[in-house]
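The next block holds one structure in the form of structure tokens; read it before the comments.
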Amino acid sequence: MSHDLVIKNGTIVDGTGAARFRGDVAIDGDRIVEIGKVSQKGKREIDASELIVSPGFVDPHTHYDAQICWDPMISCTSWHGVTSVVMGNCGVGVAPCKPDNREITAWDLTNVEAIPYASLAKGVTWDWVTFPEFMGSAERRGSAINLGFLAPLTPFRHFVMGKESMERAATPEETANIAALIGEAMTAGALGLSTTTLAQHIGYQGTPLACRLASKDELKSYANVLKRQGKGSIELALTKKVGQVSEAEYELLDMLLTESGRPVTWLAMATTPKNPDRARDTLTRLEPLIKRGGVPQILCKPFVAQLDLRNPFTFADMESWNAIFNQTVERQKAMYADPAFREAFRKDLTKPHLFTGKWHRVEILEVANPALKPYERKTVGEVAEMRRADPLDTFLDLAIEDDLNIQYTMAQYHEDGIKEMIGDPRTMIGLSDGGAHVDMLCDAGYATYLLGNWVRRREAITLERAVQRITSEPADFFGIRERGRLQTGWKADVTLFDYNTVDSGKRAQMQSDLPGGGRRLVMPAEGIEYTVVNGAIVYEHGKHSGAMPGQVIRSSAA
């Protein structure tokens, strides 16, 4: 009798942090049935003698809620050896949703995730109303990899409060109704709850994303749902200043940990060249929360964002920019040319914001106007000097001259600080934002970047520890059962990669493959030779096999 699949003679890194060893992995159906020396043959065998055999990677922070409707491959995350994703982060999503709320929900995604509204109108199937129905539709539709869902607070508030969800806190009665819907989602298998406090997260017509208006009493009630069910985690986008947590944010985390009795993860911990010790100092200050299950998320690669002035998410925390969103290109150009807008923008730059006006770090990546081609790969500061003009005026003038097609790029975060944090057990590696900010960044390749840059090239972390950080650690945090380790009897999610070549692409590439031809950035993968999901080979040498074995991951009580 033969096994369905045998992976022969690979270097096994099992996801626990234990030392690598040479061995075989046998799979029958969707389960690992033997690890070590496998004597029986396989109906299909893979010679892994030159490959690392690891658990499939688990991405804890994605926004594929809409994309799963038109892209069962969950690209480009699945290209990078990821076999399970957690979506519904940052309080934004597409369920639950009444038919009357679809336009509002779609505009939320356009403003937060930069998915063109026309693509959402064409691609989202809307074959659900409730959150359990949304999970069920994903299950029926099928996918290449496994899908886990957080319950994002914004659509739950829309569902109960309608447009008033974007204007005020909920009443006690409304809070009880929202809590009941969250309970229904958790009973159906949601992995937890998500929300945000970030000013960058704006929704329909430039109003605050609805979950940002939830009162502390509301959030306490929603956290209590998780405590009653004895399962789930909470995720929130929190830190207004990179690498810092304010007193009010500390109190919020403390309250959520107390009222839920469950783990809480928040965004984002990072360092900057100006403050390389900030994250370390913040982690020390947060030790009491961390000991109770608080885990800050980090990105293991430099944050390089493209700036698109048609959907200017980077500037969403500036009051001067709020009216820019959801306007026609011609209207936006007129507003950018307005001296009053420029003066307001200039004043906003004197206050703490995500964008700080360092024009020598803003590079012109790509233009459509041939007359502007000589400026590509130059910084705005350099072009301003060439034109003998003010940098802020130059930034906006170039955009207008290019009919807002221009793509700027800006690098943030301090790589030496990243080196320190990737090995810190108080953090969780993730923050890919897969499926979001599609016109400005693509960090879906964070796992291959970790392996290629920090393990192979810079030797900053061992292979065993790196694999543990992107497999069992996120799986354990979100209560994803029987995944994240190579273990007999567990689900057969396996990634096979070439240690000598595994890597993320050097630069994201723009593709027009969203519904209706909408544009998004994608990141190619290198060195991922096989991806096995629930026992089926999904990718072989970078090519899809045609298999769609992904499952909907459902939570269970501890």
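As shown in the structure tokens, the chain order sets the letters A, B, ...; within each chain, residues go from 1, and ligands are also counted from 1 in the order they appear.
Near Ala460 of chain A, within 12 Å and counting only C-alpha atoms, sit Cys300, Glu415, Asp416, Gly417, Ile418, Lys419, Glu420, Met421, Ile422, Gly423, Asp424, Leu450, Leu451, Gly452, Asn453, Trp454 and Ala466 of chain A, not including residues fewer than 6 positions from it in the same chain.
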Write out as a PyMOL selection string the residues lying within 8 Å of Arg292 of chain A, counting only C-alpha atoms and excluding same-chain residues fewer than 2 positions away.
chain A and resi 257+263+288-290+294
Could the residues in this selection be saved with N, CA, C and O atoms as a short mmCIF file (atom, residue, chain, number, x, y, z; two decimals), in the first residue's frame?
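And here is the file that came out, part04.cif:
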data_model
loop_
_atom_site.label_atom_id
_atom_site.label_comp_id
_atom_site.auth_asym_id
_atom_site.auth_seq_id
_atom_site.Cartn_x
_atom_site.Cartn_y
_atom_site.Cartn_z
N LEU A 257 -7.45 43.53 26.99
CA LEU A 257 -6.91 42.30 27.56
C LEU A 257 -7.75 41.85 28.76
O LEU A 257 -8.06 40.65 28.90
N PRO A 263 -5.84 36.94 23.88
CA PRO A 263 -4.67 37.65 23.36
C PRO A 263 -5.08 38.86 22.52
O PRO A 263 -6.12 38.86 21.86
N PRO A 288 4.25 44.62 31.13
CA PRO A 288 3.08 44.13 31.88
C PRO A 288 1.95 43.65 30.97
O PRO A 288 1.28 42.66 31.28
N LEU A 289 1.74 44.34 29.83
CA LEU A 289 0.71 43.92 28.89
C LEU A 289 1.14 42.68 28.12
O LEU A 289 0.33 41.78 27.86
N ILE A 290 2.40 42.63 27.75
CA ILE A 290 2.92 41.50 26.98
C ILE A 290 2.82 40.21 27.79
O ILE A 290 2.46 39.15 27.26
N GLY A 294 -0.48 40.43 25.32
CA GLY A 294 -0.36 41.48 24.32
C GLY A 294 0.84 41.26 23.43
O GLY A 294 1.93 40.98 23.94
#
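One finds atom CA of Ile202 of chain A at 22.5 Å from atom CA of Ala340 of chain A.
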Show me, as a list in words, the residues that have an atom within 10 Å of Ser215 of chain A when counting only C-alpha atoms, minus same-chain residues fewer than 4 positions from it.
Arg168, Ala169, Ala170, Thr171, Thr175, Cys211, Leu219, Lys220 and Ser221 of chain A
The distance between atom CA of Thr77 of chain A and atom CA of Tyr499 of chain A is 19.1 Å
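Using only C-alpha atoms, the smallest distance between any of A:Asp59, A:Glu343, A:Glu330, A:Glu540 and Gly430 of chain A comes from A:Asp59.
Put simply, atom CA of Glu34 of chain A is 5.7 Å away from atom CA of Thr488 of chain A.
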Distance query Ile324 of chain A at most 10 Å, only C-alpha atoms, self and fewer than 2 positions along chain excluded, as a ChimeraX atom specification:
/A:205-206,309-312,315-316,320-322,326-329,331-333,335-336,341
Selection export as a PDB file, in the first residue's frame, atoms kept: C-alpha atoms:
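Generated output (selection05.pdb):
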ATOM      1  CA  GLN A 205     -16.924  60.158   1.761  1.00  0.00           C
ATOM      2  CA  GLY A 206     -13.858  60.808   3.880  1.00  0.00           C
ATOM      3  CA  LEU A 309      -2.340  61.149  -5.389  1.00  0.00           C
ATOM      4  CA  ARG A 310      -5.547  59.737  -6.856  1.00  0.00           C
ATOM      5  CA  ASN A 311      -6.032  57.755  -3.642  1.00  0.00           C
ATOM      6  CA  PRO A 312      -3.735  59.540  -1.169  1.00  0.00           C
ATOM      7  CA  PHE A 315      -2.129  61.776   3.874  1.00  0.00           C
ATOM      8  CA  ALA A 316      -5.470  60.611   5.281  1.00  0.00           C
ATOM      9  CA  SER A 320      -6.337  69.373   4.720  1.00  0.00           C
ATOM     10  CA  TRP A 321      -6.559  66.208   2.611  1.00  0.00           C
ATOM     11  CA  ASN A 322      -9.945  64.846   3.731  1.00  0.00           C
ATOM     12  CA  ASN A 326     -13.545  60.064  -3.699  1.00  0.00           C
ATOM     13  CA  GLN A 327     -13.348  62.967  -6.158  1.00  0.00           C
ATOM     14  CA  THR A 328     -12.817  62.888  -9.925  1.00  0.00           C
ATOM     15  CA  VAL A 329      -9.277  63.347 -11.216  1.00  0.00           C
ATOM     16  CA  ARG A 331     -11.584  67.893  -9.320  1.00  0.00           C
ATOM     17  CA  GLN A 332      -8.538  66.568  -7.453  1.00  0.00           C
ATOM     18  CA  LYS A 333      -6.166  68.414  -9.814  1.00  0.00           C
ATOM     19  CA  MET A 335      -7.844  71.132  -5.455  1.00  0.00           C
ATOM     20  CA  TYR A 336      -4.110  70.366  -5.587  1.00  0.00           C
ATOM     21  CA  PHE A 341      -5.025  73.788  -0.053  1.00  0.00           C
TER      22      PHE A 341
END
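For Ala176 of chain A, the residues within 12 Å (counting only C-alpha atoms, excluding itself and residues fewer than 5 positions away along the chain) are Phe156, Arg157, Val160, Met161, Ala170, Thr171, Leu181, Ile182, Gly183, Asp217, Glu218, Leu219, Lys220, Ser221, Tyr222, Asn224 and Val225 of chain A.
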Measuring atom to atom with only C-alpha atoms, identify which of A:Ala305, A:Ile528, A:Leu209, A:Leu198 is nearest to Asn111 of chain A.
A:Leu209
Backbone DSSP call of strand (DSSP E or B) for segment 401-550 of chain A, listed as an NGL selection string:
:A and (407-412 or 428-429 or 434 or 491 or 494-497 or 503-504 or 509-514 or 518-522 or 525-526 or 528-533 or 536-540 or 543-544)
Near Arg285 of chain A, counting only C-alpha atoms, which residues have an atom at most 12 Å away, once you skip same-chain residues fewer than 3 positions from it, shown as an NGL selection string?
:A and (243-247 or 250 or 278-282 or 288-291 or 426)
Using only C-alpha atoms, please write the residues we just selected to a file, as a compact mmCIF listing (two decimals), in the first residue's frame.
# COMPACT_ATOMS: atom_id res chain seq x y z
CA GLY A 243 7.19 52.55 17.65
CA GLN A 244 5.33 54.30 20.47
CA VAL A 245 2.21 53.66 22.53
CA SER A 246 0.56 56.63 24.24
CA GLU A 247 -0.97 56.50 27.72
CA TYR A 250 -1.87 51.69 26.78
CA ARG A 278 12.32 53.73 20.44
CA ALA A 279 10.86 50.27 19.86
CA ARG A 280 13.10 48.63 22.46
CA ASP A 281 12.15 51.22 25.06
CA THR A 282 8.47 50.85 24.20
CA PRO A 288 3.08 44.13 31.88
CA LEU A 289 0.71 43.92 28.89
CA ILE A 290 2.92 41.50 26.98
CA LYS A 291 2.97 39.10 29.94
CA ARG A 426 7.82 39.79 22.49
Neighbouring residues of segment 467-482 of chain A were defined as those with any atom within 8 Å, considering only C-alpha atoms; residues of the same chain fewer than 3 positions away were excluded. Please report them as a PDB file with N, CA and C atoms, in the first residue's frame.
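File part_11.pdb, as written:
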ATOM      1  N   VAL A  13      12.646  21.379   8.748  1.00  0.00           N
ATOM      2  CA  VAL A  13      12.593  22.404   9.791  1.00  0.00           C
ATOM      3  C   VAL A  13      11.138  22.457  10.222  1.00  0.00           C
ATOM      4  N   ASP A  14      10.834  21.908  11.389  1.00  0.00           N
ATOM      5  CA  ASP A  14       9.445  21.543  11.694  1.00  0.00           C
ATOM      6  C   ASP A  14       8.562  22.652  12.253  1.00  0.00           C
ATOM      7  N   GLY A  15       9.102  23.857  12.464  1.00  0.00           N
ATOM      8  CA  GLY A  15       8.292  24.964  12.945  1.00  0.00           C
ATOM      9  C   GLY A  15       8.276  25.131  14.449  1.00  0.00           C
ATOM     10  N   THR A  16       8.925  24.235  15.187  1.00  0.00           N
ATOM     11  CA  THR A  16       8.964  24.333  16.648  1.00  0.00           C
ATOM     12  C   THR A  16      10.172  25.095  17.149  1.00  0.00           C
ATOM     13  N   GLY A  17      11.130  25.365  16.265  1.00  0.00           N
ATOM     14  CA  GLY A  17      12.401  25.947  16.672  1.00  0.00           C
ATOM     15  C   GLY A  17      13.479  24.907  16.890  1.00  0.00           C
ATOM     16  N   SER A  54       9.396  22.758   5.291  1.00  0.00           N
ATOM     17  CA  SER A  54       8.897  23.459   6.480  1.00  0.00           C
ATOM     18  C   SER A  54       7.375  23.435   6.489  1.00  0.00           C
ATOM     19  N   PRO A  55       6.778  23.797   7.623  1.00  0.00           N
ATOM     20  CA  PRO A  55       5.320  23.992   7.599  1.00  0.00           C
ATOM     21  C   PRO A  55       4.975  25.130   6.644  1.00  0.00           C
ATOM     22  N   GLY A  56       3.778  25.116   6.092  1.00  0.00           N
ATOM     23  CA  GLY A  56       3.327  26.248   5.292  1.00  0.00           C
ATOM     24  C   GLY A  56       3.302  27.499   6.146  1.00  0.00           C
ATOM     25  N   PHE A  57       3.674  28.616   5.558  1.00  0.00           N
ATOM     26  CA  PHE A  57       3.730  29.867   6.298  1.00  0.00           C
ATOM     27  C   PHE A  57       2.308  30.367   6.592  1.00  0.00           C
ATOM     28  N   VAL A  58       2.159  31.066   7.726  1.00  0.00           N
ATOM     29  CA  VAL A  58       0.865  31.582   8.173  1.00  0.00           C
ATOM     30  C   VAL A  58       0.968  33.102   8.236  1.00  0.00           C
ATOM     31  N   ASP A  59       0.198  33.794   7.400  1.00  0.00           N
ATOM     32  CA  ASP A  59       0.228  35.254   7.361  1.00  0.00           C
ATOM     33  C   ASP A  59      -0.892  35.785   8.260  1.00  0.00           C
ATOM     34  N   PRO A  60      -0.544  36.455   9.373  1.00  0.00           N
ATOM     35  CA  PRO A  60      -1.566  36.867  10.334  1.00  0.00           C
ATOM     36  C   PRO A  60      -2.240  38.191  10.038  1.00  0.00           C
ATOM     37  N   LEU A 191     -12.093  34.070  13.923  1.00  0.00           N
ATOM     38  CA  LEU A 191     -10.902  33.919  14.754  1.00  0.00           C
ATOM     39  C   LEU A 191     -10.768  35.018  15.793  1.00  0.00           C
ATOM     40  N   GLY A 192     -11.686  35.995  15.766  1.00  0.00           N
ATOM     41  CA  GLY A 192     -11.622  37.068  16.729  1.00  0.00           C
ATOM     42  C   GLY A 192     -12.243  38.329  16.171  1.00  0.00           C
ATOM     43  N   LYS A 231     -12.691  31.972  23.393  1.00  0.00           N
ATOM     44  CA  LYS A 231     -11.855  31.781  22.212  1.00  0.00           C
ATOM     45  C   LYS A 231     -11.706  33.109  21.479  1.00  0.00           C
ATOM     46  N   GLY A 232     -10.793  33.109  20.541  1.00  0.00           N
ATOM     47  CA  GLY A 232     -10.600  34.269  19.693  1.00  0.00           C
ATOM     48  C   GLY A 232      -9.531  35.215  20.193  1.00  0.00           C
ATOM     49  N   SER A 233      -9.119  36.118  19.313  1.00  0.00           N
ATOM     50  CA  SER A 233      -8.120  37.141  19.618  1.00  0.00           C
ATOM     51  C   SER A 233      -8.634  38.484  19.106  1.00  0.00           C
ATOM     52  N   PRO A 263      -5.842  36.943  23.884  1.00  0.00           N
ATOM     53  CA  PRO A 263      -4.667  37.653  23.361  1.00  0.00           C
ATOM     54  C   PRO A 263      -5.081  38.858  22.521  1.00  0.00           C
ATOM     55  N   MET A 428       5.416  39.743  17.119  1.00  0.00           N
ATOM     56  CA  MET A 428       4.968  38.777  16.123  1.00  0.00           C
ATOM     57  C   MET A 428       5.277  39.337  14.742  1.00  0.00           C
ATOM     58  N   ILE A 429       5.911  38.536  13.906  1.00  0.00           N
ATOM     59  CA  ILE A 429       6.221  38.950  12.544  1.00  0.00           C
ATOM     60  C   ILE A 429       4.980  38.775  11.683  1.00  0.00           C
ATOM     61  N   GLY A 430       4.629  39.818  10.971  1.00  0.00           N
ATOM     62  CA  GLY A 430       3.463  39.776  10.092  1.00  0.00           C
ATOM     63  C   GLY A 430       3.349  41.084   9.349  1.00  0.00           C
ATOM     64  N   ALA A 447       7.684  36.887   4.226  1.00  0.00           N
ATOM     65  CA  ALA A 447       8.261  35.626   4.697  1.00  0.00           C
ATOM     66  C   ALA A 447       9.488  35.238   3.885  1.00  0.00           C
ATOM     67  N   LEU A 463      17.775  29.766  10.742  1.00  0.00           N
ATOM     68  CA  LEU A 463      16.702  29.252   9.896  1.00  0.00           C
ATOM     69  C   LEU A 463      15.585  28.673  10.741  1.00  0.00           C
ATOM     70  N   GLU A 464      15.944  27.917  11.772  1.00  0.00           N
ATOM     71  CA  GLU A 464      14.927  27.273  12.606  1.00  0.00           C
ATOM     72  C   GLU A 464      14.047  28.307  13.310  1.00  0.00           C
ATOM     73  N   ARG A 485       2.992  23.549  12.230  1.00  0.00           N
ATOM     74  CA  ARG A 485       4.077  22.631  12.568  1.00  0.00           C
ATOM     75  C   ARG A 485       4.002  21.409  11.655  1.00  0.00           C
ATOM     76  N   TRP A 490      -1.301  16.050  11.974  1.00  0.00           N
ATOM     77  CA  TRP A 490      -1.735  17.415  11.702  1.00  0.00           C
ATOM     78  C   TRP A 490      -1.979  17.617  10.209  1.00  0.00           C
ATOM     79  N   LYS A 491      -2.626  18.735   9.883  1.00  0.00           N
ATOM     80  CA  LYS A 491      -2.918  19.062   8.496  1.00  0.00           C
ATOM     81  C   LYS A 491      -1.620  19.160   7.685  1.00  0.00           C
ATOM     82  N   ILE A 553     -10.765  28.217   7.805  1.00  0.00           N
ATOM     83  CA  ILE A 553     -10.300  27.901   9.155  1.00  0.00           C
ATOM     84  C   ILE A 553     -11.329  28.426  10.149  1.00  0.00           C
ATOM     85  N   ARG A 554     -11.800  27.572  11.012  1.00  0.00           N
ATOM     86  CA  ARG A 554     -12.809  27.982  11.997  1.00  0.00           C
ATOM     87  C   ARG A 554     -12.250  27.798  13.407  1.00  0.00           C
ATOM     88  N   SER A 555     -12.528  28.781  14.249  1.00  0.00           N
ATOM     89  CA  SER A 555     -12.001  28.774  15.609  1.00  0.00           C
ATOM     90  C   SER A 555     -12.720  27.736  16.464  1.00  0.00           C
ATOM     91  N   SER A 556     -12.050  27.350  17.530  1.00  0.00           N
ATOM     92  CA  SER A 556     -12.664  26.475  18.519  1.00  0.00           C
ATOM     93  C   SER A 556     -12.179  26.906  19.889  1.00  0.00           C
ATOM     94  N   ALA A 558     -10.579  27.020  23.555  1.00  0.00           N
ATOM     95  CA  ALA A 558      -9.333  26.429  24.072  1.00  0.00           C
ATOM     96  C   ALA A 558      -9.638  25.258  24.993  1.00  0.00           C
TER      97      ALA A 558
END
Could you go through segment 21-213 of chain A and tell me which residues DSSP, when run on the backbone, assigns to alpha helix (DSSP H), listing them as JSON, numbers by chain?
{"A": [102, 103, 104, 105, 106, 107, 108, 109, 110, 111, 112, 113, 117, 118, 119, 120, 121, 122, 123, 131, 132, 133, 134, 135, 136, 137, 138, 139, 140, 141, 153, 154, 155, 156, 157, 158, 159, 160, 161, 172, 173, 174, 175, 176, 177, 178, 179, 180, 181, 182, 183, 184, 185, 186, 187, 188]}
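Closest approach to Ile364 of chain A from the set A:Leu349, A:Leu307, A:Leu120, A:Glu401 is made by A:Leu307, with distances taken over only C-alpha atoms.
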For Glu167 of chain A, which of A:Gly505, A:Gly203, A:Pro296, A:Pro549 is the closest residue, counting only C-alpha atoms?
A:Gly203
